[in-house]
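Have a look at final.txt below; it lists compact mmCIF, C-alpha atoms.
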```txt
# COMPACT_ATOMS: atom_id res chain seq x y z
CA MET G 560 6.17 12.20 18.24
CA ARG G 561 6.70 8.65 19.40
CA LEU G 562 5.13 6.56 16.63
CA LEU G 563 4.07 2.95 16.27
CA LEU G 564 4.38 1.91 12.61
CA THR G 565 2.64 -1.39 11.86
CA GLY G 566 3.78 -3.35 8.83
CA HIS G 567 7.16 -1.65 8.88
CA GLN G 568 8.82 -4.70 7.27
CA GLY G 569 6.53 -4.57 4.26
CA TYR G 570 6.86 -2.86 0.89
CA LEU G 571 5.52 0.54 1.99
CA GLY G 572 6.67 0.36 5.61
CA THR G 573 10.30 -0.12 4.60
CA VAL G 574 10.14 3.15 2.66
CA MET G 575 8.05 4.97 5.26
CA ALA G 576 10.08 4.21 8.40
CA PRO G 577 13.14 6.28 7.39
CA VAL G 578 10.94 9.10 6.06
CA LEU G 579 9.21 9.40 9.44
CA ALA G 580 12.54 9.19 11.27
CA GLU G 581 14.01 11.90 9.03
CA ALA G 582 11.04 14.09 10.01
CA GLY G 583 12.21 13.87 13.63
CA HIS G 584 9.87 11.20 14.98
CA GLU G 585 10.85 8.26 17.17
CA VAL G 586 9.67 5.22 15.20
CA VAL G 587 8.92 1.80 16.67
CA GLY G 588 7.85 -0.95 14.29
CA LEU G 589 5.34 -3.78 14.71
CA ASP G 590 5.39 -6.66 12.25
CA SER G 591 4.99 -10.43 12.20
CA GLY G 592 7.90 -10.70 9.76
CA LEU G 593 6.07 -12.56 6.99
CA PHE G 594 7.99 -10.63 4.32
CA ALA G 595 10.99 -9.40 6.30
CA ASP G 596 13.43 -11.36 4.14
CA CYS G 597 11.90 -10.30 0.80
CA VAL G 598 14.83 -7.98 0.15
CA LEU G 599 16.38 -6.85 -3.11
CA GLY G 600 19.70 -5.10 -2.67
CA PRO G 601 21.31 -4.07 0.66
CA PRO G 602 19.23 -5.07 3.73
CA PRO G 603 17.32 -2.13 5.20
CA ALA G 604 17.98 -0.89 8.74
CA ASP G 605 14.79 -1.52 10.69
CA PRO G 606 13.77 0.52 13.74
CA GLU G 607 13.13 -0.99 17.16
CA THR G 608 10.58 -3.75 16.56
CA TYR G 609 7.70 -5.53 18.23
CA ALA G 610 7.72 -8.94 16.51
CA VAL G 611 4.04 -9.73 16.89
CA ASP G 612 1.09 -10.66 14.68
CA LEU G 613 -1.49 -7.89 14.35
CA ARG G 614 -4.13 -10.23 15.77
CA ASP G 615 -2.08 -10.70 18.94
CA VAL G 616 -1.44 -7.05 19.79
CA GLY G 617 -2.15 -6.18 23.42
CA PRO G 618 -2.48 -2.94 25.42
CA GLU G 619 1.21 -3.16 26.31
CA HIS G 620 2.15 -2.62 22.67
CA LEU G 621 0.29 0.72 22.53
CA ALA G 622 1.50 2.26 25.76
CA GLY G 623 3.43 5.52 25.47
CA PHE G 624 2.75 6.33 21.81
CA ASP G 625 1.53 9.67 20.49
CA ALA G 626 0.35 8.26 17.16
CA VAL G 627 -0.12 5.04 15.22
CA VAL G 628 0.55 4.64 11.51
CA HIS G 629 -1.26 1.47 10.52
CA LEU G 630 -0.06 -0.22 7.32
CA ALA G 631 -0.14 -3.92 8.27
CA ALA G 632 -2.57 -5.99 6.18
CA LEU G 633 -2.91 -8.80 3.72
CA SER G 634 -2.02 -6.52 0.91
CA ASN G 635 -3.57 -7.31 -2.44
CA ASP G 636 -6.73 -8.47 -4.16
CA PRO G 637 -5.68 -12.00 -5.28
CA LEU G 638 -4.45 -12.82 -1.77
CA GLY G 639 -7.64 -11.46 -0.22
CA SER G 640 -9.79 -13.49 -2.58
CA LEU G 641 -7.82 -16.68 -1.85
CA ALA G 642 -8.48 -16.45 1.89
CA PRO G 643 -11.35 -13.98 2.44
CA GLU G 644 -11.91 -15.15 6.02
CA LEU G 645 -8.29 -14.31 6.90
CA THR G 646 -8.59 -11.00 5.07
CA TYR G 647 -11.52 -9.98 7.26
CA ASP G 648 -9.85 -11.36 10.40
CA ILE G 649 -6.61 -9.45 9.83
CA ASN G 650 -7.52 -6.46 7.69
CA HIS G 651 -10.87 -5.71 9.32
CA HIS G 652 -11.26 -7.12 12.82
CA ALA G 653 -7.63 -6.87 13.95
CA SER G 654 -7.32 -3.35 12.51
CA SER G 655 -10.43 -2.10 14.28
CA ARG G 656 -9.30 -3.74 17.50
CA LEU G 657 -5.91 -2.05 17.17
CA ALA G 658 -7.63 1.33 16.87
CA ARG G 659 -9.71 0.69 20.00
CA LEU G 660 -6.62 -0.32 21.94
CA ALA G 661 -4.83 2.79 20.70
CA ARG G 662 -7.67 5.08 21.77
CA ASP G 663 -7.83 3.43 25.19
CA ALA G 664 -4.05 3.85 25.58
CA GLY G 665 -4.26 7.59 24.96
CA VAL G 666 -2.97 7.62 21.38
CA ARG G 667 -4.23 10.85 19.87
CA ARG G 668 -3.79 10.31 16.12
CA PHE G 669 -4.33 7.14 14.10
CA LEU G 670 -3.37 7.14 10.42
CA TYR G 671 -4.98 4.27 8.54
CA ALA G 672 -3.70 3.02 5.19
CA SER G 673 -6.85 2.61 3.14
CA THR G 674 -6.99 2.40 -0.66
CA CYS G 675 -8.48 4.03 -3.73
CA SER G 676 -9.74 0.58 -4.69
CA VAL G 677 -12.71 1.29 -2.39
CA TYR G 678 -14.13 3.07 -5.48
CA GLY G 679 -13.94 -0.24 -7.36
CA ALA G 680 -16.36 -0.47 -10.25
CA SER G 681 -17.08 3.23 -10.62
CA GLY G 682 -18.64 2.71 -14.03
CA GLY G 683 -17.42 5.92 -15.66
CA ASP G 684 -14.52 8.20 -16.50
CA ASP G 685 -15.36 11.01 -14.05
CA LEU G 686 -12.77 11.95 -11.46
CA LEU G 687 -13.81 10.53 -8.08
CA ASP G 688 -13.32 12.55 -4.93
CA GLU G 689 -13.58 11.28 -1.36
CA ASP G 690 -17.36 11.73 -1.31
CA ALA G 691 -17.93 9.45 -4.31
CA PRO G 692 -19.91 6.23 -3.75
CA LEU G 693 -17.79 3.34 -2.52
CA ARG G 694 -18.11 0.25 -4.74
CA PRO G 695 -15.49 -2.27 -3.57
CA VAL G 696 -15.39 -5.44 -5.67
CA THR G 697 -12.90 -7.56 -3.66
CA PRO G 698 -12.62 -8.74 -0.03
CA TYR G 699 -9.48 -6.59 0.31
CA ALA G 700 -11.30 -3.39 -0.67
CA GLU G 701 -14.38 -4.32 1.35
CA SER G 702 -12.26 -4.77 4.47
CA LYS G 703 -10.88 -1.25 4.03
CA VAL G 704 -14.38 0.24 3.83
CA ARG G 705 -15.42 -1.56 7.01
CA VAL G 706 -12.40 -0.33 8.96
CA GLU G 707 -12.99 3.26 7.84
CA ASP G 708 -16.54 2.98 9.21
CA ASP G 709 -15.34 1.49 12.50
CA LEU G 710 -12.66 4.14 12.99
CA ALA G 711 -15.06 6.98 12.24
CA ALA G 712 -17.26 5.71 15.07
CA LEU G 713 -14.28 5.86 17.46
CA ALA G 714 -13.42 9.50 16.69
CA ASP G 715 -13.78 11.90 19.61
CA ASP G 716 -12.13 14.98 21.08
CA ASP G 717 -9.05 12.96 22.09
CA PHE G 718 -8.77 10.47 19.22
CA THR G 719 -8.29 11.52 15.59
CA PRO G 720 -8.45 8.81 12.94
CA VAL G 721 -7.39 9.73 9.40
CA PHE G 722 -8.15 7.59 6.34
CA MET G 723 -5.37 7.68 3.75
CA ARG G 724 -6.77 6.20 0.54
CA ASN G 725 -3.59 5.39 -1.34
CA ALA G 726 -3.62 5.01 -5.09
CA THR G 727 -1.91 1.89 -6.45
CA ALA G 728 1.67 2.05 -5.24
CA PHE G 729 4.74 1.77 -7.44
CA GLY G 730 8.47 2.30 -7.20
CA PHE G 731 11.49 0.65 -5.66
CA SER G 732 11.51 -0.46 -2.05
CA PRO G 733 14.28 -2.56 -0.46
CA ARG G 734 11.45 -4.99 0.38
CA LEU G 735 10.16 -5.28 -3.14
CA ARG G 736 6.68 -6.21 -4.34
CA ALA G 737 6.47 -7.52 -7.89
CA ASP G 738 2.71 -8.05 -7.89
CA ILE G 739 1.61 -4.44 -8.36
CA VAL G 740 1.07 -3.17 -11.85
CA LEU G 741 4.05 -0.94 -12.69
CA ASN G 742 6.57 -3.01 -10.72
CA ASN G 743 5.25 -6.15 -12.38
CA LEU G 744 5.20 -4.89 -15.97
CA THR G 745 8.69 -3.42 -15.56
CA GLY G 746 10.06 -6.64 -14.12
CA HIS G 747 8.66 -8.70 -16.97
CA ALA G 748 10.14 -6.27 -19.47
CA CYS G 749 13.59 -6.43 -17.88
CA LEU G 750 13.56 -10.23 -17.67
CA SER G 751 11.93 -11.11 -20.98
CA GLY G 752 12.01 -8.01 -23.19
CA GLU G 753 8.22 -8.07 -23.38
CA VAL G 754 5.56 -5.97 -21.66
CA ARG G 755 2.58 -8.32 -21.51
CA VAL G 756 -0.89 -7.04 -20.58
CA LEU G 757 -3.46 -9.79 -20.03
CA SER G 758 -6.52 -7.53 -19.84
CA ASP G 759 -7.75 -5.40 -22.72
CA GLY G 760 -5.72 -2.48 -21.34
CA THR G 761 -8.69 -0.13 -20.97
CA PRO G 762 -9.21 -0.01 -17.15
CA TRP G 763 -8.18 3.21 -15.44
CA ARG G 764 -5.73 3.06 -12.54
CA PRO G 765 -4.49 5.86 -10.27
CA LEU G 766 -0.84 5.33 -9.31
CA VAL G 767 1.41 6.85 -6.64
CA HIS G 768 5.05 6.31 -5.73
CA ALA G 769 5.85 4.68 -2.37
CA ARG G 770 7.90 7.72 -1.36
CA ASP G 771 4.99 10.07 -2.10
CA ILE G 772 2.77 7.91 0.12
CA ALA G 773 5.31 8.12 2.93
CA GLU G 774 5.52 11.89 2.68
CA ALA G 775 1.73 12.19 2.70
CA PHE G 776 1.58 10.26 5.96
CA ALA G 777 4.35 12.40 7.45
CA ALA G 778 2.39 15.55 6.55
CA ALA G 779 -0.87 14.18 7.97
CA LEU G 780 0.78 13.34 11.28
CA THR G 781 1.54 16.98 12.05
CA ALA G 782 -1.36 18.70 10.28
CA PRO G 783 -3.79 20.70 12.46
CA ARG G 784 -6.41 18.43 13.98
CA GLU G 785 -9.30 20.25 12.35
CA ALA G 786 -7.77 19.71 8.90
CA VAL G 787 -7.67 15.92 9.14
CA HIS G 788 -10.00 14.75 11.94
CA ALA G 789 -12.01 11.68 10.81
CA LYS G 790 -11.48 12.60 7.16
CA ALA G 791 -10.57 10.55 4.10
CA PHE G 792 -7.83 11.64 1.70
CA ASN G 793 -7.01 10.25 -1.71
CA VAL G 794 -3.22 9.99 -1.92
CA GLY G 795 -1.72 10.52 -5.35
CA THR G 796 -1.83 12.91 -8.30
CA GLU G 797 -4.20 13.31 -11.24
CA ARG G 798 -1.39 13.08 -13.78
CA ASN G 799 -0.88 9.44 -12.73
CA ASN G 800 -4.47 8.49 -13.63
CA LEU G 801 -3.62 6.22 -16.55
CA THR G 802 -5.10 3.26 -18.35
CA VAL G 803 -3.27 -0.04 -18.02
CA ALA G 804 -2.27 0.28 -21.68
CA GLU G 805 -0.78 3.74 -21.00
CA ILE G 806 1.14 2.38 -18.01
CA ALA G 807 2.51 -0.40 -20.20
CA ALA G 808 3.58 2.13 -22.85
CA GLU G 809 5.64 3.99 -20.22
CA VAL G 810 7.41 0.73 -19.40
CA VAL G 811 8.21 0.13 -23.07
CA GLU G 812 9.84 3.58 -23.15
CA ALA G 813 11.89 2.80 -20.03
CA VAL G 814 13.22 -0.59 -21.17
CA PRO G 815 15.23 -0.31 -24.41
CA GLY G 816 14.13 -2.90 -26.95
CA ALA G 817 11.03 -3.96 -25.05
CA THR G 818 7.87 -4.74 -27.00
CA LEU G 819 4.25 -4.36 -25.95
CA VAL G 820 1.74 -7.21 -26.19
CA ILE G 821 -1.88 -6.72 -25.11
CA THR G 822 -3.46 -10.18 -25.19
CA GLY G 823 -6.89 -9.30 -23.80
CA GLU G 824 -7.21 -12.89 -22.60
CA THR G 825 -8.70 -11.94 -19.22
CA GLY G 826 -11.14 -9.45 -20.75
CA ALA G 827 -12.16 -6.13 -19.24
CA ASP G 828 -11.33 -5.63 -15.56
CA PRO G 829 -14.34 -4.33 -13.57
CA ARG G 830 -11.96 -2.33 -11.36
CA SER G 831 -11.65 0.92 -13.26
CA TYR G 832 -11.57 4.37 -11.72
CA ARG G 833 -9.97 7.82 -12.06
CA VAL G 834 -9.38 9.78 -8.88
CA ASP G 835 -9.40 13.42 -7.76
CA PHE G 836 -6.58 14.33 -5.35
CA SER G 837 -7.37 17.98 -4.66
CA ARG G 838 -8.51 17.49 -1.06
CA ILE G 839 -5.12 16.34 0.23
CA ARG G 840 -3.36 19.28 -1.43
CA ALA G 841 -5.80 21.71 0.18
CA ALA G 842 -5.59 20.13 3.64
CA LEU G 843 -1.81 19.62 3.68
CA PRO G 844 -0.23 22.78 2.26
CA GLY G 845 3.05 22.05 0.53
CA TYR G 846 2.25 18.39 -0.11
CA GLU G 847 2.40 17.24 -3.70
CA ALA G 848 2.87 13.73 -5.11
CA ARG G 849 5.92 14.33 -7.28
CA TRP G 850 6.86 11.02 -8.89
CA SER G 851 5.56 10.33 -12.39
CA VAL G 852 4.95 6.83 -13.69
CA LYS G 853 7.73 7.40 -16.22
CA ASP G 854 10.21 8.28 -13.46
CA GLY G 855 9.12 5.27 -11.44
CA ALA G 856 9.65 2.90 -14.37
CA VAL G 857 13.18 4.25 -14.91
CA GLU G 858 13.94 3.90 -11.19
CA LEU G 859 12.74 0.29 -11.21
CA VAL G 860 14.76 -0.61 -14.30
CA ASP G 861 17.91 0.79 -12.69
CA ALA G 862 17.29 -1.09 -9.41
CA TYR G 863 16.39 -4.38 -11.07
CA ARG G 864 19.59 -4.28 -13.08
CA GLU G 865 21.85 -3.01 -10.30
CA TYR G 866 20.70 -5.63 -7.81
CA GLY G 867 20.40 -8.54 -10.23
CA LEU G 868 16.69 -9.35 -10.19
CA THR G 869 16.13 -13.00 -11.14
CA ARG G 870 13.04 -14.58 -12.62
CA GLU G 871 12.67 -16.98 -9.67
CA ASP G 872 12.73 -14.17 -7.11
CA PHE G 873 10.45 -12.03 -9.25
CA GLU G 874 7.82 -14.76 -9.59
CA ARG G 875 8.05 -16.25 -6.08
CA ARG G 876 9.85 -14.24 -3.37
CA PHE G 877 8.54 -10.82 -4.39
CA THR G 878 4.97 -11.95 -5.19
CA ARG G 879 2.87 -11.97 -2.04
CA LEU G 880 0.56 -14.86 -2.89
CA ALA G 881 3.39 -17.08 -4.12
CA ARG G 882 5.59 -16.20 -1.15
CA LEU G 883 2.94 -17.14 1.40
CA SER G 884 2.16 -20.35 -0.50
CA ASP G 885 5.85 -21.28 -0.42
CA ARG G 886 6.09 -20.52 3.30
CA ARG G 887 3.01 -22.60 4.07
CA GLU G 888 4.44 -25.51 2.06
CA ALA G 889 7.76 -25.18 3.90
CA GLY G 890 6.00 -25.11 7.27
CA THR G 891 7.28 -21.69 8.32
CA VAL G 892 3.74 -20.29 8.60
CA ASP G 893 0.60 -22.11 9.71
CA SER G 894 -2.83 -22.19 8.09
CA SER G 895 -3.73 -18.89 9.79
CA LEU G 896 -0.59 -17.24 8.33
CA ARG G 897 1.07 -16.91 11.72
CA PRO G 898 4.83 -17.58 11.69
```

Take the structure in this file and express it as structure tokens.
Amino acid sequence: MRLLLTGHQGYLGTVMAPVLAEAGHEVVGLDSGLFADCVLGPPPADPETYAVDLRDVGPEHLAGFDAVVHLAALSNDPLGSLAPELTYDINHHASSRLARLARDAGVRRFLYASTCSVYGASGGDDLLDEDAPLRPVTPYAESKVRVEDDLAALADDDFTPVFMRNATAFGFSPRLRADIVLNNLTGHACLSGEVRVLSDGTPWRPLVHARDIAEAFAAALTAPREAVHAKAFNVGTERNNLTVAEIAAEVVEAVPGATLVITGETGADPRSYRVDFSRIRAALPGYEARWSVKDGAVELVDAYREYGLTREDFERRFTRLARLSDRREAGTVDSSLRP
């Protein structure tokens, strides 16, 4: 297929682009470049690129594509809460508009990067499948629910949207993010020798490696239409349903000499949920999320040490909220987060 991959210069997109190319697809990227220089290690080789903000996409950017893989978004809860109006403008309205433009251009399959955080405050320990009630507790998660609804309304015989509800990502990417739980705890451990958990450690989190996300998208692109049409899929594996305290313990094991401190200063996090991933295995035969949290922590330790992670880069360049704040202060993005 000829694919448009939005957000290809982000944390997940940088891992996904070569996976899709290795599967035989022609990949064209679309990205505003907000985080293009957030690189740890050798610079990645990007595909052909449309350098355009998601809000400024026009019909000409969708012409000639067989499918769209849509990752571009303001990508985490603190950032979404800081600027909820921009979160809805970019994550909701621009995403739904992109899907309409894609359908009108004759794109037949549209893979949307949603999130397991749509389950939010589930209020129990039961495994949640894709039919569980959606209880988003942040503007970021709410925007994902709204786009899923909008895309479902666009589905027809010629346009197949698919909702990929990714668990919390982890693992090394050349365009690193340090503000997601395993990457963050591992970075702190490498830099300070301490794994510090600010909550009480009890919330459940489902985790999935960036590479496993990429391979799930690759499988969904070529799956039979009837297997994926207008359906939601949790992306991950049950064995990576862990409490924050259990995730932290894996980091302690991966970083020799590291100690664990659970301060509890922020109290219990209302975002707590365990997820069932059986639907994606049934719909995409042969797909299995293979990376364990333990393996991901070891991978991150090796990369952080090999490429010389510094505290300044960890706290500023690889943390989305801090990076955008620094760029706004430097005048390289405006108040609407356009370059």

Fewer than 6 positions away in the same chain doesn't count, so skip those; otherwise give me all residues within 6 Å of Pro765 in chain G, counting only C-alpha atoms, as a ChimeraX atom specification. /G:726,799-800

Restricted to C-alpha atoms, what would the selected residues look like written as a compact mmCIF listing (two decimals), in the coordinates of the input?
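What landed in part.txt:
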```
# COMPACT_ATOMS: atom_id res chain seq x y z
CA ALA G 726 -3.62 5.01 -5.09
CA ASN G 799 -0.88 9.44 -12.73
CA ASN G 800 -4.47 8.49 -13.63
```

Near Pro603 in chain G, counting all atoms listed in the file, which residues have an atom at most 9 Å away, once you skip same-chain residues fewer than 5 positions from it, shown as a ChimeraX atom specification? /G:573,598,733-734

Generate the output file for the selected residues, C-alpha atoms, as a CSV table (one decimal), in the coordinates of the input.
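Result file follows (result.csv):
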```csv
chain,number,residue,atom,x,y,z
G,573,THR,CA,10.3,-0.1,4.6
G,598,VAL,CA,14.8,-8.0,0.2
G,733,PRO,CA,14.3,-2.6,-0.5
G,734,ARG,CA,11.4,-5.0,0.4
```

Which polymer residues, whether protein, DNA or RNA, lie within 8 Å of the coordinate (-3.4, 6.1, 6.3) when you count only C-alpha atoms? List them as a ChimeraX atom specification, using the chain letters and numbers from the file. /G:628-630,669-673,721-725,776

Please determine, counting all atoms listed in the file, which residue among G:Gly845, G:Gly665, G:Pro698, G:Gly679 has the shortest atom-to-atom distance to Asp716 in chain G.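 Of the candidates, the smallest distance to Asp716 in chain G is held by G:Gly665.
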
Mind listing whatever residues come within 9 Å of the point (-9.3, 2.4, -12.7)? Use all atoms listed in the file, file coordinates, and give them as a compact mmCIF listing (two decimals) with C-alpha atoms, in the coordinates of the input.
```txt
# COMPACT_ATOMS: atom_id res chain seq x y z
CA SER G 676 -9.74 0.58 -4.69
CA TYR G 678 -14.13 3.07 -5.48
CA GLY G 679 -13.94 -0.24 -7.36
CA ALA G 680 -16.36 -0.47 -10.25
CA SER G 681 -17.08 3.23 -10.62
CA ASP G 684 -14.52 8.20 -16.50
CA THR G 761 -8.69 -0.13 -20.97
CA PRO G 762 -9.21 -0.01 -17.15
CA TRP G 763 -8.18 3.21 -15.44
CA ARG G 764 -5.73 3.06 -12.54
CA PRO G 765 -4.49 5.86 -10.27
CA ASN G 800 -4.47 8.49 -13.63
CA LEU G 801 -3.62 6.22 -16.55
CA THR G 802 -5.10 3.26 -18.35
CA VAL G 803 -3.27 -0.04 -18.02
CA ASP G 828 -11.33 -5.63 -15.56
CA PRO G 829 -14.34 -4.33 -13.57
CA ARG G 830 -11.96 -2.33 -11.36
CA SER G 831 -11.65 0.92 -13.26
CA TYR G 832 -11.57 4.37 -11.72
CA ARG G 833 -9.97 7.82 -12.06
CA VAL G 834 -9.38 9.78 -8.88
```

Nearest residue to Pro602 in chain G from the set G:Val787, G:Thr825, G:Gln568, G:Val852 (distances using all atoms listed in the file):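 Using all atoms listed in the file, the shortest distance to Pro602 in chain G belongs to G:Gln568.
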
Long-range neighbours of Met560 in chain G as an MDAnalysis selection string, 7 Å cut-off, all atoms listed in the file, 5 positions minimum in chain: chainID G and resid 584:585 625

Please measure the separation of CA of Leu571 in chain G and CA of Leu766 in chain G, giving the value in Å to one decimal.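 These two atoms are separated by 13.8 Å.
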
Pick from G:Ala604, G:Leu599, G:Ala827, G:Leu687, whichever lies nearest to Leu868 in chain G using all atoms listed in the file: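 For Leu868 in chain G, the nearest of the given residues is G:Leu599.
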
d(CA of Ser758 in chain G, CA of Gly823 in chain G) in Å: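 Taking CA of Ser758 in chain G and CA of Gly823 in chain G, their separation equals 4.4 Å.
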
Point-to-point distance from CA of Ser654 in chain G to CA of Leu633 in chain G, Å rounded to tenths: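 Computing it gives 11.2 Å between the two atoms.
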